[in-house]
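Below is data_19.csv, holding CSV, C-alpha atoms.
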chain,number,residue,atom,x,y,z
A,10,MET,CA,24.6,-20.0,-65.7
A,11,THR,CA,23.1,-20.1,-69.2
A,12,THR,CA,25.5,-22.1,-71.3
A,13,ASP,CA,24.2,-25.4,-69.9
A,14,LEU,CA,20.8,-24.8,-71.6
A,15,THR,CA,20.2,-26.5,-74.9
A,16,ASP,CA,18.9,-24.4,-77.8
A,17,ARG,CA,15.6,-26.2,-77.5
A,18,GLU,CA,15.4,-25.3,-73.8
A,19,LYS,CA,16.2,-21.7,-74.6
A,20,ALA,CA,13.5,-21.6,-77.2
A,21,LEU,CA,11.0,-23.1,-74.8
A,22,ILE,CA,11.8,-20.6,-72.1
A,23,HIS,CA,11.5,-17.7,-74.6
A,24,THR,CA,8.1,-19.0,-75.7
A,25,LYS,CA,6.8,-19.5,-72.2
A,26,ILE,CA,7.9,-16.1,-71.1
A,27,LEU,CA,6.2,-14.5,-74.2
A,28,GLU,CA,3.0,-16.5,-73.3
A,29,LYS,CA,3.1,-15.3,-69.7
A,30,TYR,CA,3.6,-11.7,-70.6
A,31,ALA,CA,1.0,-11.8,-73.3
A,32,ARG,CA,-1.5,-12.7,-70.5
A,33,ALA,CA,0.0,-10.1,-68.2
A,34,ALA,CA,-0.4,-7.4,-70.9
A,35,VAL,CA,-4.1,-7.9,-70.6
A,36,SER,CA,-4.0,-7.8,-66.8
A,37,PRO,CA,-1.2,-8.7,-64.4
A,38,ALA,CA,-3.8,-9.9,-61.8
A,39,GLY,CA,-3.2,-13.5,-61.0
A,40,SER,CA,0.1,-13.7,-62.9
A,41,PHE,CA,2.3,-12.7,-60.0
A,42,ASN,CA,2.6,-13.8,-56.3
A,43,TYR,CA,3.3,-10.2,-55.1
A,44,PRO,CA,1.2,-7.0,-55.1
A,45,THR,CA,0.8,-5.4,-58.5
A,46,GLY,CA,-0.9,-2.2,-59.7
A,47,VAL,CA,-1.4,0.7,-57.2
A,48,GLN,CA,-0.9,-1.6,-54.3
A,49,GLY,CA,2.5,-2.5,-55.6
A,50,LEU,CA,3.4,1.1,-56.3
A,51,ARG,CA,2.5,2.1,-52.8
A,52,GLN,CA,4.3,-0.8,-51.2
A,53,LEU,CA,7.5,0.0,-53.2
A,54,GLY,CA,7.4,3.7,-52.2
A,55,TYR,CA,6.9,5.3,-55.6
A,56,PRO,CA,6.0,8.9,-54.7
A,57,GLU,CA,2.4,9.5,-55.6
A,58,ASP,CA,3.1,12.8,-57.2
A,59,TRP,CA,5.0,11.0,-59.9
A,60,TRP,CA,2.0,8.9,-61.1
A,61,GLN,CA,-1.2,10.5,-59.8
A,62,ASP,CA,-2.0,11.8,-63.2
A,63,PHE,CA,-1.2,8.6,-65.1
A,64,PRO,CA,-4.2,6.7,-66.6
A,65,PRO,CA,-5.6,4.0,-64.3
A,66,ALA,CA,-4.9,1.3,-66.8
A,67,LEU,CA,-1.2,2.1,-66.7
A,68,LEU,CA,-1.2,1.9,-62.9
A,69,GLU,CA,-3.1,-1.4,-63.0
A,70,ALA,CA,-0.5,-2.8,-65.4
A,71,PHE,CA,2.4,-2.2,-63.0
A,72,CYS,CA,4.1,-5.5,-62.0
A,73,GLY,CA,7.6,-4.3,-60.9
A,74,VAL,CA,9.6,-5.8,-58.1
A,75,GLY,CA,11.2,-2.6,-56.9
A,76,ASN,CA,11.6,1.1,-57.5
A,77,PRO,CA,14.7,1.5,-59.6
A,78,PHE,CA,14.4,5.3,-59.3
A,79,SER,CA,14.9,5.1,-55.6
A,80,LEU,CA,18.6,4.3,-56.3
A,81,GLY,CA,19.4,7.8,-57.4
A,82,PRO,CA,17.9,10.8,-59.1
A,83,LEU,CA,17.4,11.2,-62.8
A,84,GLN,CA,18.5,14.6,-64.1
A,85,GLN,CA,16.6,16.8,-66.5
A,86,GLY,CA,17.7,16.1,-70.1
A,87,GLU,CA,19.1,12.7,-69.5
A,88,ALA,CA,18.6,9.7,-71.9
A,89,VAL,CA,17.2,6.6,-70.2
A,90,LEU,CA,16.7,3.1,-71.4
A,91,ASP,CA,14.2,0.8,-69.6
A,92,ILE,CA,14.9,-2.9,-70.3
A,93,GLY,CA,11.8,-5.1,-70.0
A,94,CYS,CA,9.5,-2.1,-69.8
A,95,GLY,CA,6.3,-4.1,-69.8
A,96,ALA,CA,3.3,-1.8,-70.2
A,97,GLY,CA,5.5,1.2,-69.7
A,98,PHE,CA,4.9,2.5,-66.2
A,99,ASP,CA,8.6,3.1,-65.4
A,100,VAL,CA,9.1,4.6,-68.8
A,101,ALA,CA,6.4,7.2,-68.0
A,102,VAL,CA,8.0,7.9,-64.6
A,103,ALA,CA,11.4,8.4,-66.3
A,104,ALA,CA,9.8,10.6,-69.0
A,105,HIS,CA,8.4,12.7,-66.2
A,106,LEU,CA,11.7,12.9,-64.3
A,107,VAL,CA,14.0,13.8,-67.2
A,108,GLY,CA,11.6,16.4,-68.6
A,109,PRO,CA,11.0,17.4,-72.3
A,110,GLU,CA,14.7,17.7,-73.0
A,111,GLY,CA,15.3,14.2,-72.0
A,112,ARG,CA,14.3,11.0,-73.8
A,113,VAL,CA,13.3,7.6,-72.7
A,114,VAL,CA,13.2,4.3,-74.6
A,115,GLY,CA,11.3,1.2,-73.3
A,116,LEU,CA,12.4,-2.2,-74.6
A,117,ASP,CA,10.6,-5.5,-74.2
A,118,ILE,CA,10.8,-8.9,-75.9
A,119,SER,CA,7.0,-9.2,-75.7
A,120,PRO,CA,5.2,-7.7,-78.7
A,121,ASP,CA,2.0,-7.8,-76.7
A,122,MET,CA,3.6,-5.6,-74.0
A,123,ILE,CA,5.0,-3.1,-76.5
A,124,THR,CA,1.6,-2.8,-78.1
A,125,ARG,CA,0.1,-2.2,-74.7
A,126,ALA,CA,2.8,0.3,-73.9
A,127,TRP,CA,2.2,2.3,-77.0
A,128,GLY,CA,-1.5,2.3,-76.5
A,129,LEU,CA,-1.3,3.5,-72.9
A,130,SER,CA,1.3,6.1,-73.7
A,131,GLY,CA,-1.2,7.9,-75.9
A,132,SER,CA,-2.9,9.1,-72.7
A,133,LEU,CA,0.2,10.6,-71.2
A,134,PRO,CA,1.3,14.2,-71.6
A,135,PHE,CA,4.9,13.1,-72.6
A,136,ARG,CA,6.4,13.1,-76.1
A,137,ASN,CA,9.9,12.1,-75.0
A,138,LEU,CA,9.3,8.4,-74.9
A,139,SER,CA,9.2,5.5,-77.3
A,140,PHE,CA,9.0,1.7,-77.2
A,141,GLN,CA,10.7,-1.0,-79.2
A,142,ILE,CA,10.7,-4.8,-79.3
A,143,ALA,CA,14.2,-6.0,-78.5
A,144,SER,CA,16.2,-8.2,-76.2
A,145,ALA,CA,18.7,-7.1,-73.6
A,146,GLU,CA,21.2,-9.5,-75.2
A,147,CYS,CA,21.3,-7.4,-78.4
A,148,LEU,CA,20.5,-3.8,-77.7
A,149,PRO,CA,19.7,-1.9,-80.9
A,150,PHE,CA,21.6,1.2,-80.0
A,151,PRO,CA,25.1,2.6,-80.6
A,152,ALA,CA,27.7,2.7,-77.9
A,153,ARG,CA,27.4,5.5,-75.2
A,154,PHE,CA,23.8,6.2,-76.1
A,155,PHE,CA,22.2,6.4,-72.6
A,156,ASP,CA,23.0,8.1,-69.3
A,157,VAL,CA,20.9,5.6,-67.3
A,158,VAL,CA,19.7,2.1,-67.9
A,159,ALA,CA,16.9,1.0,-65.6
A,160,SER,CA,15.2,-2.4,-65.4
A,161,ASN,CA,12.5,-3.7,-63.1
A,162,GLY,CA,11.8,-7.4,-62.7
A,163,ALA,CA,13.2,-8.3,-66.1
A,164,PHE,CA,16.8,-9.2,-65.9
A,165,ASN,CA,16.1,-12.5,-64.2
A,166,LEU,CA,14.2,-13.5,-67.4
A,167,VAL,CA,17.2,-12.8,-69.6
A,168,ILE,CA,18.8,-16.1,-70.7
A,169,ASP,CA,22.3,-14.9,-71.4
A,170,LYS,CA,22.9,-12.4,-68.5
A,171,GLU,CA,26.6,-12.0,-69.1
A,172,LYS,CA,25.9,-10.8,-72.7
A,173,ALA,CA,23.1,-8.5,-71.5
A,174,ALA,CA,25.4,-7.0,-68.9
A,175,GLN,CA,28.0,-6.4,-71.6
A,176,GLU,CA,25.4,-4.8,-73.8
A,177,VAL,CA,24.2,-2.5,-71.0
A,178,LEU,CA,27.8,-1.4,-70.3
A,179,ARG,CA,28.2,-0.7,-74.0
A,180,VAL,CA,25.2,1.6,-74.4
A,181,LEU,CA,25.9,3.6,-71.3
A,182,THR,CA,27.9,6.7,-71.4
A,183,PRO,CA,31.1,6.7,-69.3
A,184,GLY,CA,29.9,7.4,-65.8
A,185,GLY,CA,26.5,6.2,-66.8
A,186,ARG,CA,24.4,4.4,-64.2
A,187,LEU,CA,22.5,1.1,-64.0
A,188,HIS,CA,19.5,1.1,-61.7
A,189,LEU,CA,18.3,-2.4,-61.4
A,190,ALA,CA,15.4,-3.9,-59.6
A,191,ASP,CA,15.2,-7.7,-60.0
A,192,MET,CA,14.0,-10.9,-58.5
A,193,VAL,CA,16.9,-12.9,-56.9
A,194,LEU,CA,17.3,-16.1,-55.0
A,195,VAL,CA,17.3,-15.5,-51.3
A,196,ASN,CA,16.9,-19.1,-50.1
A,197,PRO,CA,18.3,-22.3,-51.7
A,198,LEU,CA,15.8,-24.1,-54.0
A,199,PRO,CA,14.9,-27.6,-52.7
A,200,PRO,CA,16.5,-30.3,-54.8
A,201,GLU,CA,13.2,-31.1,-56.5
A,202,ARG,CA,12.9,-27.5,-57.7
A,203,ALA,CA,16.5,-26.9,-58.6
A,204,ASN,CA,17.5,-26.7,-62.3
A,205,ARG,CA,13.9,-26.9,-63.5
A,206,ILE,CA,13.2,-25.2,-66.8
A,207,ASP,CA,9.9,-23.9,-65.5
A,208,ASN,CA,11.6,-21.9,-62.8
A,209,TRP,CA,12.2,-19.4,-65.6
A,210,TYR,CA,8.6,-18.6,-66.2
A,211,GLN,CA,6.5,-19.6,-63.2
B,9,MET,CA,20.4,-16.3,-59.2
B,10,PRO,CA,21.5,-15.0,-55.8
B,11,GLY,CA,22.1,-11.3,-55.4
B,12,GLU,CA,25.8,-11.9,-54.8
B,13,ALA,CA,26.1,-13.8,-58.0
B,14,LEU,CA,24.4,-10.9,-59.9
B,15,LEU,CA,26.8,-8.5,-58.3
B,16,ALA,CA,29.7,-10.6,-59.4
B,17,LEU,CA,28.3,-10.8,-63.0
B,18,LEU,CA,28.0,-7.0,-63.2
B,19,GLU,CA,31.5,-6.5,-61.9
B,20,LYS,CA,32.9,-9.1,-64.3
B,21,ALA,CA,31.2,-7.2,-67.2
B,22,GLY,CA,33.1,-4.1,-66.2
B,23,PHE,CA,30.7,-2.1,-63.9
B,24,GLN,CA,32.4,-0.4,-61.0
B,25,PRO,CA,31.2,0.1,-58.4
B,26,VAL,CA,28.4,-2.3,-58.0
B,27,LYS,CA,26.1,-2.4,-55.0
B,28,LEU,CA,23.2,-4.5,-53.7
B,29,ALA,CA,21.2,-1.7,-52.1
B,30,GLY,CA,18.6,-3.8,-50.4
B,31,TYR,CA,15.6,-6.0,-50.7
B,32,THR,CA,12.1,-4.8,-51.6
B,33,GLY,CA,9.8,-7.3,-49.8
B,34,MET,CA,8.3,-8.4,-53.1
B,35,LYS,CA,8.4,-12.2,-53.0
B,36,SER,CA,7.5,-14.3,-56.0
B,37,SER,CA,8.1,-17.6,-54.0
B,38,PRO,CA,9.5,-18.7,-50.7
B,39,TYR,CA,12.9,-18.6,-52.4
B,40,THR,CA,12.9,-15.4,-54.4
B,41,GLU,CA,12.6,-11.7,-53.4
B,42,GLY,CA,13.0,-8.4,-55.2
B,43,ALA,CA,16.3,-6.6,-54.7
B,44,LEU,CA,17.8,-3.3,-55.8
B,45,PHE,CA,21.2,-3.0,-57.4
B,46,SER,CA,23.1,0.0,-58.5
B,47,ALA,CA,26.1,0.0,-60.7
B,48,ALA,CA,28.1,2.5,-62.8
B,49,LYS,CA,30.1,2.4,-66.0
B,50,PRO,CA,33.6,3.6,-65.2
B,51,GLY,CA,34.1,7.1,-66.5
B,52,LEU,CA,37.7,6.9,-67.7
B,53,ASP,CA,38.3,3.3,-68.7
B,54,LEU,CA,39.0,3.9,-72.3
B,55,SER,CA,40.6,0.5,-72.8
B,56,ARG,CA,37.3,-1.3,-72.3
B,57,GLU,CA,35.7,0.8,-75.0
B,58,ALA,CA,38.3,0.4,-77.7
B,59,GLY,CA,36.6,0.0,-81.0
B,60,GLU,CA,33.3,1.5,-79.8
B,61,SER,CA,32.0,4.3,-81.9
B,62,SER,CA,31.7,7.5,-79.9
B,63,ALA,CA,30.7,11.0,-80.8
B,64,ALA,CA,27.2,11.7,-81.7
B,65,ARG,CA,24.2,10.0,-80.2
B,66,PRO,CA,21.7,9.7,-83.0
B,67,GLU,CA,18.1,9.4,-82.3
B,68,PRO,CA,16.9,5.8,-82.1
B,69,ALA,CA,14.8,4.5,-84.9
B,70,ALA,CA,11.3,5.0,-83.8
B,71,SER,CA,9.1,2.0,-83.7
B,72,PRO,CA,5.8,2.4,-85.5
B,73,GLN,CA,3.0,2.8,-83.1
B,74,PRO,CA,0.4,0.0,-83.3
B,75,GLY,CA,-2.7,1.3,-84.8
B,76,GLY,CA,-0.9,4.0,-86.6
B,77,SER,CA,-1.7,6.6,-84.0

Please re-express this file's structure in structure tokens.
Amino acid sequence: MTTDLTDREKALIHTKILEKYARAAVSPAGSFNYPTGVQGLRQLGYPEDWWQDFPPALLEAFCGVGNPFSLGPLQQGEAVLDIGCGAGFDVAVAAHLVGPEGRVVGLDISPDMITRAWGLSGSLPFRNLSFQIASAECLPFPARFFDVVASNGAFNLVIDKEKAAQEVLRVLTPGGRLHLADMVLVNPLPPERANRIDNWYQ
Amino acid sequence: MPGEALLALLEKAGFQPVKLAGYTGMKSSPYTEGALFSAAKPGLDLSREAGESSAARPEPAASPQPGGS
């Protein structure tokens, strides 16, 4: 799954993902083969009253592949971690849903995305959110720190998914929930596409 | 990774139950589509958490905001 990659291949994948998301931090337009921005939000069924007051630039930056909050409600006061938060749209939604007594942390491996997220969050009315640069494979939090871990379109980019799953389990409280939207393989790759390194970042 | 493999990976890590709730229609290629998964950390499986620190949940160290704002 991941152990057959060499260290050089892992480094190349990491670099290429950072390059792709540095471009997407400026604008996701053209970087993805599915609808992004408001079109994506509407297609995925994010209720408009969740985001209608968000700044347009935050809406335009959305490039999720699903609505992880459709999997179950967030409760007021809960602590939420968003892995691969990008420009922070889902972090803002979670901050809205958990209210001022809750707290939300967005993580991303891309410094450009975290810079973008901090910048866009300044226009939001929430003070219960923060962002950090970190990888899902090494979450910088103690055990049992979050009630909910969400992720949207990022887990498929994690090289060591087993380690990441163990880390998510560690930081969740007992009974805590994982709400995951991710890109998965639904048809077999043709032989000429299988096992290609660039599958990771195209 | 197929959805079934991701479910198996989550289950192996210790999540229970795990569920593939459905597909989202977002396709990044003819071979890949967005999907929704839910999973939970068992509430009473203390053996898995042996050695984990518990108790207080300190605030995470805040990252400095770019631009100092």

Closest to chain B among A:Ala101, A:Leu80, A:Ala34, A:Val107, using only C-alpha atoms?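 So, comparing all the options, the nearest one is A:Leu80.
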
Closest atom pairs, residues of chain B within 6 Å of chain A, only C-alpha atoms, as JSON lines:
{"residue": "B:Met9", "atom": "CA", "partner": "A:Leu194", "partner_atom": "CA", "distance": 5.2}
{"residue": "B:Pro10", "atom": "CA", "partner": "A:Leu194", "partner_atom": "CA", "distance": 4.4}
{"residue": "B:Gly11", "atom": "CA", "partner": "A:Val193", "partner_atom": "CA", "distance": 5.6}
{"residue": "B:Ala21", "atom": "CA", "partner": "A:Gln175", "partner_atom": "CA", "distance": 5.5}
{"residue": "B:Thr32", "atom": "CA", "partner": "A:Gly75", "partner_atom": "CA", "distance": 5.8}
{"residue": "B:Met34", "atom": "CA", "partner": "A:Tyr43", "partner_atom": "CA", "distance": 5.7}
{"residue": "B:Lys35", "atom": "CA", "partner": "A:Tyr43", "partner_atom": "CA", "distance": 5.9}
{"residue": "B:Ser36", "atom": "CA", "partner": "A:Asn42", "partner_atom": "CA", "distance": 4.9}
{"residue": "B:Tyr39", "atom": "CA", "partner": "A:Asn196", "partner_atom": "CA", "distance": 4.6}
{"residue": "B:Thr40", "atom": "CA", "partner": "A:Leu194", "partner_atom": "CA", "distance": 4.5}
{"residue": "B:Glu41", "atom": "CA", "partner": "A:Met192", "partner_atom": "CA", "distance": 5.3}
{"residue": "B:Gly42", "atom": "CA", "partner": "A:Met192", "partner_atom": "CA", "distance": 4.3}
{"residue": "B:Ala43", "atom": "CA", "partner": "A:Asp191", "partner_atom": "CA", "distance": 5.5}
{"residue": "B:Leu44", "atom": "CA", "partner": "A:Ala190", "partner_atom": "CA", "distance": 4.5}
{"residue": "B:Phe45", "atom": "CA", "partner": "A:Leu189", "partner_atom": "CA", "distance": 5.0}
{"residue": "B:Ser46", "atom": "CA", "partner": "A:His188", "partner_atom": "CA", "distance": 4.9}
{"residue": "B:Ala47", "atom": "CA", "partner": "A:Leu187", "partner_atom": "CA", "distance": 5.0}
{"residue": "B:Ala48", "atom": "CA", "partner": "A:Arg186", "partner_atom": "CA", "distance": 4.4}
{"residue": "B:Lys49", "atom": "CA", "partner": "A:Gly184", "partner_atom": "CA", "distance": 5.0}
{"residue": "B:Pro50", "atom": "CA", "partner": "A:Gly184", "partner_atom": "CA", "distance": 5.3}
{"residue": "B:Gly51", "atom": "CA", "partner": "A:Pro183", "partner_atom": "CA", "distance": 4.1}
{"residue": "B:Arg65", "atom": "CA", "partner": "A:Phe154", "partner_atom": "CA", "distance": 5.6}
{"residue": "B:Ser71", "atom": "CA", "partner": "A:Gln141", "partner_atom": "CA", "distance": 5.6}

Compile the contact shell of Tyr30 in chain A as number ranges by chain: residues with an atom at most 8 Å away, counting all atoms listed in the file, same-chain residues fewer than 3 positions apart removed. A: 26-27, 33-34, 119, 121-122

Among listed residues A:Gly95, A:Pro56, A:Pro64, A:Pro82, nearest Pro37 in chain A (using all atoms listed in the file):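 Of all the options, A:Gly95 lies closest to Pro37 in chain A.
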
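As for CA of Ile168 in chain A and CA of Leu50 in chain A, they are spaced 27.2 Å apart.
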
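Note that CA of Asp99 in chain A and CA of Leu116 in chain A are 11.3 Å apart.
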
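Minimum atom-to-atom distance to Cys147 in chain A, evaluated using all atoms listed in the file, belongs to A:Ile118 out of A:Leu83, A:Ile118, A:Leu129, A:Ala103.
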
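The spacing separating CA of Lys25 in chain A from CA of Val167 in chain A amounts to 12.6 Å.
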
Counting all atoms listed in the file, closest pick from A:Val35, A:Pro109, A:Glu201, A:Ile22 relative to Glu69 in chain A is A:Val35
